[in-house]
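Comments concern the structure below.
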Amino acid sequence: MAEQLAGIVLAAGEGRRLRPLTELRPKPLCPVGNVPLVDHALNRLRPLTGEGPANLAVNAFHHAEQIREHCEGRATVAVEPGAEALGTAGGVANLLPWLNGRHALVTNADQYLPGGLRGFVEGWDGERCRLLCLPDETKRDFTTSEGRPVRYVGACLLPWHLIKHLKPKPTGLYEVLWRQQLADGLLDLWVLPEDDVAIDCGTPADYLQANLHASKGENVVGAGAEVIGEITASVVWDGAFVGPEEKLKHQVRAGSRERRVTVAG
């Protein structure tokens with residue numbers, strides 16, 4: 001199946017909940033463990049799809065030029081046209097000419113999955129949509145055939161015979177594909193072990209949590225950052241500054257010496 005797969009990173013989101021961090025750089029370029037989120041996403045696709053622009057694509061809308069520049073030479077970057085983001089289904093549809101008959105392995109740029117996608121493709125029939133899920137009693141997206149509540153964690157396998165009909169207009173994968181497959185009992189829910197880690201880095205708290213998991217609880221300090229004050233369980237972006245009078249705890253510091261941007265996690 002791997003030779004028929006192409007990888008897509010969904011990276012068009014605005015990242016409103018991560019403001020003001022996403023006023024400095026697009027959410028896919030926000031680092032976790034000093035590695036941009038979009039790089040984490042490409043790294044988990046690569047073992048299953050192969051490398052390079054022929055096998056990997058990134059859809060972009062907000063701050064598209066920054067994402068294009070960052071991914072140049074490593075992935076095809078498809079900038080969504082128009083004044084409105086296309087959503088998850090529309091974003092895939094925008095890449096149909098590039099897919100050219102291949103199945104799509106899709107992952108969200110803002111999902112932190114330190115375990116990668118090991119085993120996810122194994123046994124897939126190439127006919128049904130397969131969704132990566134984690135057991136979750138409180139954030140239920142779906143229920144398995146055994147009655148187990150699960151949460152979707154930002155990766156899916158989409159067969160060509162279904163996605164070839166998608167249109168490049170603002171639509172979501174749930175609305176145009178998954179809801180009907182769910183109703184027909186066809187949706188393939190692939191469930192991770194309960195102790196696996198999957199963090200949607202959509203909020204400052206979750207973004208900080210992902211960083212601290214990547215660092216095993218240590219502070220994360222980027223290249224060129226200057227930390228003179230005290231930091232505890234915090235993230236300091238590359239080039240950022242923490243002054244001698246400052247004490248940061250469970251916070252993210254970004255920006256520069258002149259423009260210090262701080263977000264509580």
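Convention: chains lettered A, B, ... in structure tokens order; per-chain residue numbering from 1; ligands numbered from 1 as shown.
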Extract, using only C-alpha atoms, all DNA, RNA and protein residues at most 12 Å from segment 66-69 of chain A, discarding same-chain residues fewer than 5 positions from it, and format them as a PDB file with all heavy atoms, in the first residue's frame.
ATOM      1  N   VAL A   9       0.179  17.434   4.675  1.00  0.00           N
ATOM      2  CA  VAL A   9       0.112  18.133   5.960  1.00  0.00           C
ATOM      3  C   VAL A   9      -0.867  19.296   5.818  1.00  0.00           C
ATOM      4  O   VAL A   9      -0.688  20.161   4.952  1.00  0.00           O
ATOM      5  CB  VAL A   9       1.492  18.669   6.388  1.00  0.00           C
ATOM      6  CG1 VAL A   9       1.379  19.414   7.723  1.00  0.00           C
ATOM      7  CG2 VAL A   9       2.505  17.537   6.503  1.00  0.00           C
ATOM      8  N   LEU A  10      -1.889  19.305   6.656  1.00  0.00           N
ATOM      9  CA  LEU A  10      -2.858  20.406   6.654  1.00  0.00           C
ATOM     10  C   LEU A  10      -2.305  21.532   7.527  1.00  0.00           C
ATOM     11  O   LEU A  10      -2.207  21.392   8.744  1.00  0.00           O
ATOM     12  CB  LEU A  10      -4.213  19.924   7.177  1.00  0.00           C
ATOM     13  CG  LEU A  10      -4.892  18.839   6.339  1.00  0.00           C
ATOM     14  CD1 LEU A  10      -6.205  18.405   6.981  1.00  0.00           C
ATOM     15  CD2 LEU A  10      -5.131  19.313   4.903  1.00  0.00           C
ATOM     16  N   ALA A  11      -1.930  22.636   6.885  1.00  0.00           N
ATOM     17  CA  ALA A  11      -1.221  23.718   7.589  1.00  0.00           C
ATOM     18  C   ALA A  11      -1.774  25.084   7.243  1.00  0.00           C
ATOM     19  O   ALA A  11      -1.045  26.079   7.238  1.00  0.00           O
ATOM     20  CB  ALA A  11       0.271  23.650   7.247  1.00  0.00           C
ATOM     21  N   ALA A  12      -3.081  25.139   6.967  1.00  0.00           N
ATOM     22  CA  ALA A  12      -3.680  26.397   6.524  1.00  0.00           C
ATOM     23  C   ALA A  12      -4.325  27.204   7.645  1.00  0.00           C
ATOM     24  O   ALA A  12      -4.776  28.327   7.428  1.00  0.00           O
ATOM     25  CB  ALA A  12      -4.725  26.123   5.438  1.00  0.00           C
ATOM     26  N   GLY A  13      -4.365  26.646   8.859  1.00  0.00           N
ATOM     27  CA  GLY A  13      -5.103  27.300   9.939  1.00  0.00           C
ATOM     28  C   GLY A  13      -4.498  28.617  10.393  1.00  0.00           C
ATOM     29  O   GLY A  13      -3.293  28.852  10.280  1.00  0.00           O
ATOM     30  N   LEU A  24       3.443  36.400  15.431  1.00  0.00           N
ATOM     31  CA  LEU A  24       4.876  36.426  15.131  1.00  0.00           C
ATOM     32  C   LEU A  24       5.240  35.452  14.025  1.00  0.00           C
ATOM     33  O   LEU A  24       6.118  35.720  13.210  1.00  0.00           O
ATOM     34  CB  LEU A  24       5.691  36.088  16.387  1.00  0.00           C
ATOM     35  CG  LEU A  24       5.506  37.023  17.578  1.00  0.00           C
ATOM     36  CD1 LEU A  24       6.283  36.489  18.781  1.00  0.00           C
ATOM     37  CD2 LEU A  24       5.983  38.425  17.223  1.00  0.00           C
ATOM     38  N   ARG A  25       4.592  34.287  14.031  1.00  0.00           N
ATOM     39  CA  ARG A  25       4.838  33.298  12.988  1.00  0.00           C
ATOM     40  C   ARG A  25       3.617  32.391  12.895  1.00  0.00           C
ATOM     41  O   ARG A  25       2.857  32.258  13.854  1.00  0.00           O
ATOM     42  CB  ARG A  25       6.102  32.479  13.278  1.00  0.00           C
ATOM     43  CG  ARG A  25       6.050  31.642  14.543  1.00  0.00           C
ATOM     44  CD  ARG A  25       7.370  30.927  14.818  1.00  0.00           C
ATOM     45  NE  ARG A  25       8.424  31.844  15.196  1.00  0.00           N
ATOM     46  CZ  ARG A  25       9.647  31.463  15.587  1.00  0.00           C
ATOM     47  NH1 ARG A  25       9.951  30.165  15.644  1.00  0.00           N
ATOM     48  NH2 ARG A  25      10.553  32.345  15.920  1.00  0.00           N
ATOM     49  N   PRO A  26       3.397  31.768  11.726  1.00  0.00           N
ATOM     50  CA  PRO A  26       2.212  30.901  11.583  1.00  0.00           C
ATOM     51  C   PRO A  26       2.297  29.708  12.519  1.00  0.00           C
ATOM     52  O   PRO A  26       3.395  29.238  12.872  1.00  0.00           O
ATOM     53  CB  PRO A  26       2.266  30.472  10.117  1.00  0.00           C
ATOM     54  CG  PRO A  26       3.671  30.701   9.683  1.00  0.00           C
ATOM     55  CD  PRO A  26       4.180  31.848  10.487  1.00  0.00           C
ATOM     56  N   LYS A  27       1.151  29.201  12.917  1.00  0.00           N
ATOM     57  CA  LYS A  27       1.112  28.084  13.865  1.00  0.00           C
ATOM     58  C   LYS A  27       1.954  26.895  13.413  1.00  0.00           C
ATOM     59  O   LYS A  27       2.651  26.296  14.240  1.00  0.00           O
ATOM     60  CB  LYS A  27      -0.340  27.662  14.123  1.00  0.00           C
ATOM     61  CG  LYS A  27      -0.457  26.519  15.118  1.00  0.00           C
ATOM     62  CD  LYS A  27      -1.857  26.336  15.670  1.00  0.00           C
ATOM     63  CE  LYS A  27      -2.868  25.992  14.630  1.00  0.00           C
ATOM     64  NZ  LYS A  27      -4.174  25.570  15.213  1.00  0.00           N
ATOM     65  N   PRO A  28       1.945  26.509  12.117  1.00  0.00           N
ATOM     66  CA  PRO A  28       2.772  25.363  11.724  1.00  0.00           C
ATOM     67  C   PRO A  28       4.269  25.584  11.945  1.00  0.00           C
ATOM     68  O   PRO A  28       5.033  24.613  11.968  1.00  0.00           O
ATOM     69  CB  PRO A  28       2.456  25.185  10.239  1.00  0.00           C
ATOM     70  CG  PRO A  28       1.092  25.763  10.077  1.00  0.00           C
ATOM     71  CD  PRO A  28       1.067  26.937  11.008  1.00  0.00           C
ATOM     72  N   LEU A  29       4.684  26.828  12.094  1.00  0.00           N
ATOM     73  CA  LEU A  29       6.103  27.103  12.331  1.00  0.00           C
ATOM     74  C   LEU A  29       6.417  27.334  13.803  1.00  0.00           C
ATOM     75  O   LEU A  29       7.572  27.591  14.163  1.00  0.00           O
ATOM     76  CB  LEU A  29       6.561  28.310  11.502  1.00  0.00           C
ATOM     77  CG  LEU A  29       6.463  28.146   9.985  1.00  0.00           C
ATOM     78  CD1 LEU A  29       7.128  29.325   9.278  1.00  0.00           C
ATOM     79  CD2 LEU A  29       7.083  26.836   9.510  1.00  0.00           C
ATOM     80  N   CYS A  30       5.406  27.247  14.671  1.00  0.00           N
ATOM     81  CA  CYS A  30       5.665  27.323  16.108  1.00  0.00           C
ATOM     82  C   CYS A  30       6.415  26.054  16.526  1.00  0.00           C
ATOM     83  O   CYS A  30       6.007  24.945  16.179  1.00  0.00           O
ATOM     84  CB  CYS A  30       4.356  27.451  16.881  1.00  0.00           C
ATOM     85  SG  CYS A  30       3.498  29.027  16.625  1.00  0.00           S
ATOM     86  N   PRO A  36       9.907  23.013  14.433  1.00  0.00           N
ATOM     87  CA  PRO A  36       8.596  23.520  14.007  1.00  0.00           C
ATOM     88  C   PRO A  36       7.570  22.405  13.849  1.00  0.00           C
ATOM     89  O   PRO A  36       7.900  21.287  13.408  1.00  0.00           O
ATOM     90  CB  PRO A  36       8.900  24.189  12.659  1.00  0.00           C
ATOM     91  CG  PRO A  36      10.340  24.564  12.740  1.00  0.00           C
ATOM     92  CD  PRO A  36      10.991  23.472  13.539  1.00  0.00           C
ATOM     93  N   LEU A  37       6.340  22.696  14.198  1.00  0.00           N
ATOM     94  CA  LEU A  37       5.284  21.697  14.126  1.00  0.00           C
ATOM     95  C   LEU A  37       5.160  21.074  12.736  1.00  0.00           C
ATOM     96  O   LEU A  37       4.936  19.866  12.612  1.00  0.00           O
ATOM     97  CB  LEU A  37       3.948  22.329  14.527  1.00  0.00           C
ATOM     98  CG  LEU A  37       3.691  22.449  16.028  1.00  0.00           C
ATOM     99  CD1 LEU A  37       2.554  23.433  16.297  1.00  0.00           C
ATOM    100  CD2 LEU A  37       3.368  21.083  16.640  1.00  0.00           C
ATOM    101  N   VAL A  38       5.315  21.862  11.684  1.00  0.00           N
ATOM    102  CA  VAL A  38       5.187  21.303  10.339  1.00  0.00           C
ATOM    103  C   VAL A  38       6.290  20.296  10.060  1.00  0.00           C
ATOM    104  O   VAL A  38       6.083  19.316   9.327  1.00  0.00           O
ATOM    105  CB  VAL A  38       5.160  22.422   9.266  1.00  0.00           C
ATOM    106  CG1 VAL A  38       6.518  23.095   9.122  1.00  0.00           C
ATOM    107  CG2 VAL A  38       4.672  21.875   7.921  1.00  0.00           C
ATOM    108  N   ASP A  39       7.463  20.480  10.662  1.00  0.00           N
ATOM    109  CA  ASP A  39       8.542  19.508  10.489  1.00  0.00           C
ATOM    110  C   ASP A  39       8.229  18.205  11.216  1.00  0.00           C
ATOM    111  O   ASP A  39       8.516  17.110  10.710  1.00  0.00           O
ATOM    112  CB  ASP A  39       9.863  20.087  10.994  1.00  0.00           C
ATOM    113  CG  ASP A  39      10.396  21.194  10.100  1.00  0.00           C
ATOM    114  OD1 ASP A  39       9.737  21.501   9.086  1.00  0.00           O
ATOM    115  OD2 ASP A  39      11.456  21.756  10.420  1.00  0.00           O
ATOM    116  N   PRO A  53       9.168  16.574  -2.707  1.00  0.00           N
ATOM    117  CA  PRO A  53       7.946  17.196  -3.206  1.00  0.00           C
ATOM    118  C   PRO A  53       7.041  16.274  -4.009  1.00  0.00           C
ATOM    119  O   PRO A  53       5.850  16.566  -4.151  1.00  0.00           O
ATOM    120  CB  PRO A  53       8.477  18.340  -4.083  1.00  0.00           C
ATOM    121  CG  PRO A  53       9.837  18.640  -3.549  1.00  0.00           C
ATOM    122  CD  PRO A  53      10.386  17.323  -3.110  1.00  0.00           C
ATOM    123  N   ALA A  57       3.227  16.866   0.549  1.00  0.00           N
ATOM    124  CA  ALA A  57       2.648  18.173   0.223  1.00  0.00           C
ATOM    125  C   ALA A  57       2.159  18.847   1.497  1.00  0.00           C
ATOM    126  O   ALA A  57       1.801  18.183   2.475  1.00  0.00           O
ATOM    127  CB  ALA A  57       1.493  18.032  -0.770  1.00  0.00           C
ATOM    128  N   VAL A  58       2.154  20.168   1.461  1.00  0.00           N
ATOM    129  CA  VAL A  58       1.653  20.980   2.573  1.00  0.00           C
ATOM    130  C   VAL A  58       0.662  21.974   1.988  1.00  0.00           C
ATOM    131  O   VAL A  58       0.989  22.672   1.014  1.00  0.00           O
ATOM    132  CB  VAL A  58       2.806  21.734   3.270  1.00  0.00           C
ATOM    133  CG1 VAL A  58       2.273  22.624   4.389  1.00  0.00           C
ATOM    134  CG2 VAL A  58       3.847  20.750   3.816  1.00  0.00           C
ATOM    135  N   ASN A  59      -0.545  22.025   2.556  1.00  0.00           N
ATOM    136  CA  ASN A  59      -1.461  23.064   2.104  1.00  0.00           C
ATOM    137  C   ASN A  59      -1.299  24.288   2.997  1.00  0.00           C
ATOM    138  O   ASN A  59      -1.007  24.171   4.185  1.00  0.00           O
ATOM    139  CB  ASN A  59      -2.909  22.578   2.075  1.00  0.00           C
ATOM    140  CG  ASN A  59      -3.587  22.668   3.420  1.00  0.00           C
ATOM    141  OD1 ASN A  59      -3.026  22.261   4.427  1.00  0.00           O
ATOM    142  ND2 ASN A  59      -4.804  23.176   3.453  1.00  0.00           N
ATOM    143  N   ALA A  60      -1.413  25.451   2.421  1.00  0.00           N
ATOM    144  CA  ALA A  60      -1.137  26.692   3.159  1.00  0.00           C
ATOM    145  C   ALA A  60      -2.139  27.757   2.765  1.00  0.00           C
ATOM    146  O   ALA A  60      -2.623  27.805   1.634  1.00  0.00           O
ATOM    147  CB  ALA A  60       0.286  27.168   2.874  1.00  0.00           C
ATOM    148  N   PHE A  61      -2.434  28.631   3.737  1.00  0.00           N
ATOM    149  CA  PHE A  61      -3.317  29.770   3.474  1.00  0.00           C
ATOM    150  C   PHE A  61      -2.834  30.979   4.259  1.00  0.00           C
ATOM    151  O   PHE A  61      -2.288  31.920   3.693  1.00  0.00           O
ATOM    152  CB  PHE A  61      -4.766  29.420   3.826  1.00  0.00           C
ATOM    153  CG  PHE A  61      -5.739  30.516   3.510  1.00  0.00           C
ATOM    154  CD1 PHE A  61      -6.058  30.812   2.193  1.00  0.00           C
ATOM    155  CD2 PHE A  61      -6.342  31.261   4.523  1.00  0.00           C
ATOM    156  CE1 PHE A  61      -6.958  31.841   1.892  1.00  0.00           C
ATOM    157  CE2 PHE A  61      -7.242  32.279   4.231  1.00  0.00           C
ATOM    158  CZ  PHE A  61      -7.549  32.571   2.912  1.00  0.00           C
ATOM    159  N   ARG A  74      11.485  20.327   0.183  1.00  0.00           N
ATOM    160  CA  ARG A  74      11.134  19.132   0.956  1.00  0.00           C
ATOM    161  C   ARG A  74       9.717  18.669   0.705  1.00  0.00           C
ATOM    162  O   ARG A  74       9.394  17.499   0.920  1.00  0.00           O
ATOM    163  CB  ARG A  74      11.328  19.406   2.454  1.00  0.00           C
ATOM    164  CG  ARG A  74      12.774  19.696   2.842  1.00  0.00           C
ATOM    165  CD  ARG A  74      12.912  19.885   4.329  1.00  0.00           C
ATOM    166  NE  ARG A  74      12.201  21.060   4.790  1.00  0.00           N
ATOM    167  CZ  ARG A  74      11.518  21.128   5.929  1.00  0.00           C
ATOM    168  NH1 ARG A  74      11.437  20.076   6.721  1.00  0.00           N
ATOM    169  NH2 ARG A  74      10.919  22.236   6.286  1.00  0.00           N
ATOM    170  N   ALA A  75       8.855  19.590   0.285  1.00  0.00           N
ATOM    171  CA  ALA A  75       7.450  19.248   0.047  1.00  0.00           C
ATOM    172  C   ALA A  75       6.865  20.207  -0.973  1.00  0.00           C
ATOM    173  O   ALA A  75       7.320  21.354  -1.111  1.00  0.00           O
ATOM    174  CB  ALA A  75       6.651  19.321   1.347  1.00  0.00           C
ATOM    175  N   THR A  76       5.853  19.756  -1.685  1.00  0.00           N
ATOM    176  CA  THR A  76       5.065  20.636  -2.533  1.00  0.00           C
ATOM    177  C   THR A  76       4.175  21.481  -1.630  1.00  0.00           C
ATOM    178  O   THR A  76       3.473  20.936  -0.773  1.00  0.00           O
ATOM    179  CB  THR A  76       4.195  19.816  -3.497  1.00  0.00           C
ATOM    180  OG1 THR A  76       5.045  19.142  -4.428  1.00  0.00           O
ATOM    181  CG2 THR A  76       3.211  20.702  -4.248  1.00  0.00           C
ATOM    182  N   VAL A  77       4.208  22.788  -1.802  1.00  0.00           N
ATOM    183  CA  VAL A  77       3.347  23.663  -1.008  1.00  0.00           C
ATOM    184  C   VAL A  77       2.233  24.190  -1.907  1.00  0.00           C
ATOM    185  O   VAL A  77       2.484  24.872  -2.896  1.00  0.00           O
ATOM    186  CB  VAL A  77       4.130  24.822  -0.384  1.00  0.00           C
ATOM    187  CG1 VAL A  77       3.181  25.750   0.387  1.00  0.00           C
ATOM    188  CG2 VAL A  77       5.210  24.300   0.552  1.00  0.00           C
ATOM    189  N   ALA A  78       0.997  23.826  -1.567  1.00  0.00           N
ATOM    190  CA  ALA A  78      -0.171  24.253  -2.336  1.00  0.00           C
ATOM    191  C   ALA A  78      -0.853  25.385  -1.589  1.00  0.00           C
ATOM    192  O   ALA A  78      -1.450  25.171  -0.534  1.00  0.00           O
ATOM    193  CB  ALA A  78      -1.129  23.088  -2.535  1.00  0.00           C
ATOM    194  N   VAL A  79      -0.755  26.577  -2.124  1.00  0.00           N
ATOM    195  CA  VAL A  79      -1.381  27.740  -1.501  1.00  0.00           C
ATOM    196  C   VAL A  79      -2.835  27.802  -1.941  1.00  0.00           C
ATOM    197  O   VAL A  79      -3.138  27.785  -3.137  1.00  0.00           O
ATOM    198  CB  VAL A  79      -0.650  29.034  -1.884  1.00  0.00           C
ATOM    199  CG1 VAL A  79      -1.346  30.247  -1.263  1.00  0.00           C
ATOM    200  CG2 VAL A  79       0.807  28.972  -1.433  1.00  0.00           C
ATOM    201  N   GLU A  80      -3.736  27.844  -0.963  1.00  0.00           N
ATOM    202  CA  GLU A  80      -5.156  27.863  -1.276  1.00  0.00           C
ATOM    203  C   GLU A  80      -5.542  29.201  -1.890  1.00  0.00           C
ATOM    204  O   GLU A  80      -5.167  30.258  -1.374  1.00  0.00           O
ATOM    205  CB  GLU A  80      -5.973  27.601  -0.014  1.00  0.00           C
ATOM    206  CG  GLU A  80      -5.707  26.223   0.578  1.00  0.00           C
ATOM    207  CD  GLU A  80      -6.510  25.968   1.839  1.00  0.00           C
ATOM    208  OE1 GLU A  80      -7.240  26.877   2.271  1.00  0.00           O
ATOM    209  OE2 GLU A  80      -6.411  24.852   2.380  1.00  0.00           O
ATOM    210  N   ALA A 109      -0.975  19.744  10.944  1.00  0.00           N
ATOM    211  CA  ALA A 109       0.311  20.298  11.345  1.00  0.00           C
ATOM    212  C   ALA A 109       0.371  20.580  12.839  1.00  0.00           C
ATOM    213  O   ALA A 109       1.444  20.512  13.441  1.00  0.00           O
ATOM    214  CB  ALA A 109       0.597  21.578  10.564  1.00  0.00           C
TER     215      ALA A 109
END
Review point. Out of segment 37-185 of chain A, which residues get strand (DSSP E) from DSSP, as a ChimeraX atom specification?
Key: /A:56-60,76-79,103-108,111-112,130-135,142-143,149-158
Study note, to complete from the structure: atom CA of Thr262 of chain A sits from atom CA of Leu18 of chain A at a separation of 11.2 Å
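Counting only C-alpha atoms, the residue from A:Cys129, A:Val32, A:Asn100, A:Gln4 that sits nearest to Trp237 of chain A is A:Val32.
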Point to revise | All alpha helix (DSSP H) positions in segment 2-211 of chain A, as a PyMOL selection string | key: chain A and resi 21-24+37-49+64-71+87-93+96-99+160-163+173+179-183+204-211
Would you save the residues from that selection as a tab-separated table (two decimals), in the first residue's frame, using C-alpha atoms?
chain	number	residue	atom	x	y	z
A	21	LEU	CA	2.34	33.82	19.30
A	22	THR	CA	0.78	33.38	15.87
A	23	GLU	CA	1.13	37.08	15.21
A	24	LEU	CA	4.88	36.43	15.13
A	37	LEU	CA	5.28	21.70	14.13
A	38	VAL	CA	5.19	21.30	10.34
A	39	ASP	CA	8.54	19.51	10.49
A	40	HIS	CA	7.19	17.10	13.10
A	41	ALA	CA	4.28	16.41	10.72
A	42	LEU	CA	6.50	15.84	7.68
A	43	ASN	CA	8.75	13.58	9.74
A	44	ARG	CA	5.88	11.28	10.71
A	45	LEU	CA	4.64	11.02	7.12
A	46	ARG	CA	8.03	10.42	5.48
A	47	PRO	CA	8.57	6.78	6.58
A	48	LEU	CA	5.22	5.81	5.04
A	49	THR	CA	5.16	7.91	1.87
A	64	ALA	CA	1.47	30.99	3.13
A	65	GLU	CA	4.74	32.50	1.92
A	66	GLN	CA	6.49	31.78	5.22
A	67	ILE	CA	5.36	28.17	5.04
A	68	ARG	CA	6.38	27.89	1.38
A	69	GLU	CA	9.84	29.24	2.14
A	70	HIS	CA	10.27	26.92	5.13
A	71	CYS	CA	9.21	23.77	3.24
A	87	GLY	CA	-11.09	23.65	5.29
A	88	THR	CA	-9.89	20.07	5.59
A	89	ALA	CA	-11.81	18.61	2.64
A	90	GLY	CA	-11.31	21.61	0.38
A	91	GLY	CA	-7.60	21.61	1.20
A	92	VAL	CA	-7.28	17.98	0.10
A	93	ALA	CA	-9.33	18.73	-3.03
A	96	LEU	CA	-6.06	16.35	-6.30
A	97	PRO	CA	-3.97	17.08	-9.42
A	98	TRP	CA	-0.83	16.47	-7.37
A	99	LEU	CA	-2.25	13.27	-5.85
A	160	TRP	CA	-8.61	7.89	-3.89
A	161	HIS	CA	-12.02	6.59	-5.02
A	162	LEU	CA	-13.64	8.84	-2.37
A	163	ILE	CA	-11.47	11.93	-2.41
A	173	LEU	CA	-13.80	16.02	5.86
A	179	ARG	CA	-20.36	11.41	8.53
A	180	GLN	CA	-21.80	9.23	5.78
A	181	GLN	CA	-19.23	6.49	6.31
A	182	LEU	CA	-20.03	6.57	10.01
A	183	ALA	CA	-23.75	6.25	9.32
A	204	PRO	CA	-1.24	27.94	24.88
A	205	ALA	CA	-1.76	25.34	27.63
A	206	ASP	CA	-1.66	22.43	25.19
A	207	TYR	CA	1.24	23.94	23.27
A	208	LEU	CA	3.24	24.26	26.49
A	209	GLN	CA	2.29	20.70	27.47
A	210	ALA	CA	3.61	19.37	24.15
A	211	ASN	CA	6.90	21.19	24.61
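Separating atom CA of Asp196 of chain A from atom CA of Ser145 of chain A is a distance of 20.7 Å.
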Check your understanding: Which is closer to Val191 of chain A than all the others in A:Asp238, A:Glu146, A:Glu51, A:Glu226, using only C-alpha atoms?
Key ->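 The shortest atom-to-atom distance to Val191 of chain A comes from A:Glu146.
Between atom CA of Gly243 of chain A and atom CA of Ala225 of chain A lies a distance of 11.1 Å.
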Practice item. Please identify all polymer residues within 9 Å of Leu105 of chain A, counting only C-alpha atoms, omitting same-chain residues fewer than 4 positions from it, and present them as a ChimeraX atom specification. Key: /A:5-9,45,48-49,121,155-159
Residues from last step as file, C-alpha atoms, as a PDB file, in the first residue's frame:
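The result, written out as part26.pdb:
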ATOM      1  CA  LEU A   5       0.344   6.704  -0.681  1.00  0.00           C
ATOM      2  CA  ALA A   6       1.098  10.390  -0.773  1.00  0.00           C
ATOM      3  CA  GLY A   7       1.418  12.498   2.373  1.00  0.00           C
ATOM      4  CA  ILE A   8      -0.412  15.764   3.044  1.00  0.00           C
ATOM      5  CA  VAL A   9       0.112  18.133   5.960  1.00  0.00           C
ATOM      6  CA  LEU A  45       4.643  11.022   7.115  1.00  0.00           C
ATOM      7  CA  LEU A  48       5.222   5.813   5.042  1.00  0.00           C
ATOM      8  CA  THR A  49       5.163   7.905   1.872  1.00  0.00           C
ATOM      9  CA  VAL A 121      -1.155   1.935   7.542  1.00  0.00           C
ATOM     10  CA  ALA A 155      -4.256  11.774  11.047  1.00  0.00           C
ATOM     11  CA  CYS A 156      -6.284   9.853   8.488  1.00  0.00           C
ATOM     12  CA  LEU A 157      -6.046   7.623   5.441  1.00  0.00           C
ATOM     13  CA  LEU A 158      -8.279   8.682   2.567  1.00  0.00           C
ATOM     14  CA  PRO A 159      -8.882   6.383  -0.432  1.00  0.00           C
TER      15      PRO A 159
END
Check your understanding: Which of these residues is nearest to Arg151 of chain A, using only C-alpha atoms: A:Leu189, A:Ala198, A:Leu134, A:Leu177?
Key ->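 Nearest to Arg151 of chain A: A:Leu134.
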Check your understanding: Given the choices A:Glu175, A:Arg260, A:Gly33, A:Arg17, which gets closest to Ser234 of chain A if the distance is worked out from only C-alpha atoms?
Key ->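 Counting only C-alpha atoms, the residue closest to Ser234 of chain A is A:Gly33.
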